[in-house]
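Some notes on the structure that comes next.
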Amino acid sequence: MAQHSHKSESAKSSLEASSDVELLDAWRGGDASAGERLFTRHYRPVARFFRNKVGAEQVADLIQDTFIASVDARDRIEDGTRFRAYLLGIAYHVFCKHLRENYRRGPAVELDVISIAEIAESPSAIVARVREQRLLLEGLRAIAVNFQVVLELHYWEDLTTNEIALVLGVPSSTVRTRLQRARNALEAAMASIARSRELLESTLTRLDDWAAQCGLLEHRPV
């Protein structure tokens with residue numbers, strides 16, 4: 001029994017020391033415990049990606065779809081040190097597929113133009129109790145989906161311009177332009193939503209802080 005316990009602890013330690021790509025390879029090879037470890041490591045950023053874009057009842061399925069798709073797309077990983085960006089890129093494609101399949105505009109959904117508020121009736125899956133946070137989350141859902149995505153990756157995941165480019169499959173110069181346009185669009189959206197000038201100014205004055213804090217909020221229970 002003691003020997004069996006030692007082997008179990010050794011295997012667990014080995015998994016914890018493994019790189020993300022090593023875990024993915026092991027999972028693809030049939031090691032379920034490696035898949036569980038990979039899921040534990042990266043659940044939070046993948047969950048954050050979906051939770052302000054779909055209803056709480058849809059988040060779990062989209063997370064699962066993302067991890068399963070990452071196994072199928074293993075051969076596209078060129079730099080294992082950017083695994084989180086790679087995984088969030090998978091999440092982005094899973095989300096785009098979800099939109100095409102579930103909303104009335106189907107394949108014609110144009111993410112540079114249309115917003116989540118226009119195509120999804122489900123509320124955000126994030127619980128926000130502070131008014132500035134609620135305004136910011138509403139503002140994000142009111143701007144073009146690709147603007148929302150680039151801002152959330154920037155504020156919530158602290159990704160670099162090059163990493164965001166990897167997620168979205170666009171040049172870094174496009175990301176820089178999109179970030180500036182997205183900030184302008186967000187400010188305009190919040191100005192139209194805010195119930196008072198004081199609330200708008202309070203949110204804009206500490207926009208970076210409020211945005212970062214929104215990334216730490218909990219899911220709404222299903």
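Chain labels A, B, ... are given in the sequence in which chains occur in the structure tokens; within each chain residues are numbered consecutively from 1, and ligands are likewise numbered from 1 in the order shown.
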
Item to check | Selection: 12 Å around region 167-179 of chain A, only C-alpha atoms, excl. self and same-chain fewer than 4 positions, as a count of residues only | outcome: 41

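Counting from CA of Thr66 (chain A), the distance to CA of Leu136 (chain A) is 26.1 Å.
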
Item to check | Coordinates-based distance that separates CA of Asp208 (chain A) from CA of Val113 (chain A) (Å, one decimal) | outcome: 24.2 Å

Give me, as JSON lines, each residue of region 50-86 of chain A that comes within 8 Å of region 28-45 of chain A, together with its shortest interatomic pair and the distance in Å at one decimal, counting only C-alpha atoms, with rows ordered by chain and rising residue number.
```
{"residue": "A:Ile63", "atom": "CA", "partner": "A:Tyr43", "partner_atom": "CA", "distance": 7.7}
{"residue": "A:Phe67", "atom": "CA", "partner": "A:Phe39", "partner_atom": "CA", "distance": 7.4}
{"residue": "A:Val71", "atom": "CA", "partner": "A:Arg28", "partner_atom": "CA", "distance": 6.0}
{"residue": "A:Arg84", "atom": "CA", "partner": "A:His42", "partner_atom": "CA", "distance": 7.3}
```

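The nearest approach to Arg131 (chain A) among the residues A:Leu62, A:Asp25, A:Thr205, A:Arg195, with only C-alpha atoms taken into account, belongs to A:Arg195.
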
Checklist entry - Restricting the calculation to only C-alpha atoms, which member of A:Leu24, A:Gln180, A:Ala47, A:Leu166 is positioned closest to Ile68 (chain A)? => result A:Leu24

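Restricting the calculation to only C-alpha atoms, the smallest distance between Arg76 (chain A) and any of A:Ala120, A:Phe50, A:Val21, A:Arg197 is found for A:Val21.
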
Item to check | All helix (DSSP H, G or I) residues (DSSP, backbone) inside region 51-117 of chain A, as a PyMOL selection string | outcome: chain A and resi 51+56-72+74-76+80-102+106-108+116-117

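The coordinates place CA of Glu110 (chain A) at 25.1 Å from CA of Ala211 (chain A).
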
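Considering only C-alpha atoms, the residue among A:Cys214, A:Leu99, A:Ala73, A:Val59 positioned nearest to Trp156 (chain A) is A:Cys214.
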
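Closest approach to Ala60 (chain A) from the set A:Val46, A:Ala188, A:Glu138, A:Val130 is made by A:Val46, with distances taken over only C-alpha atoms.
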
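Residues in contact with Ala117 (chain A) at 10 Å, where only C-alpha atoms are counted and same-chain residues fewer than 6 positions away are skipped, are listed as A:Lys53, A:Pro123, A:Ser124, A:Glu138, A:Gly139, A:Leu140, A:Arg141, A:Ala142, A:Ile143, A:Ala144, A:Val145.
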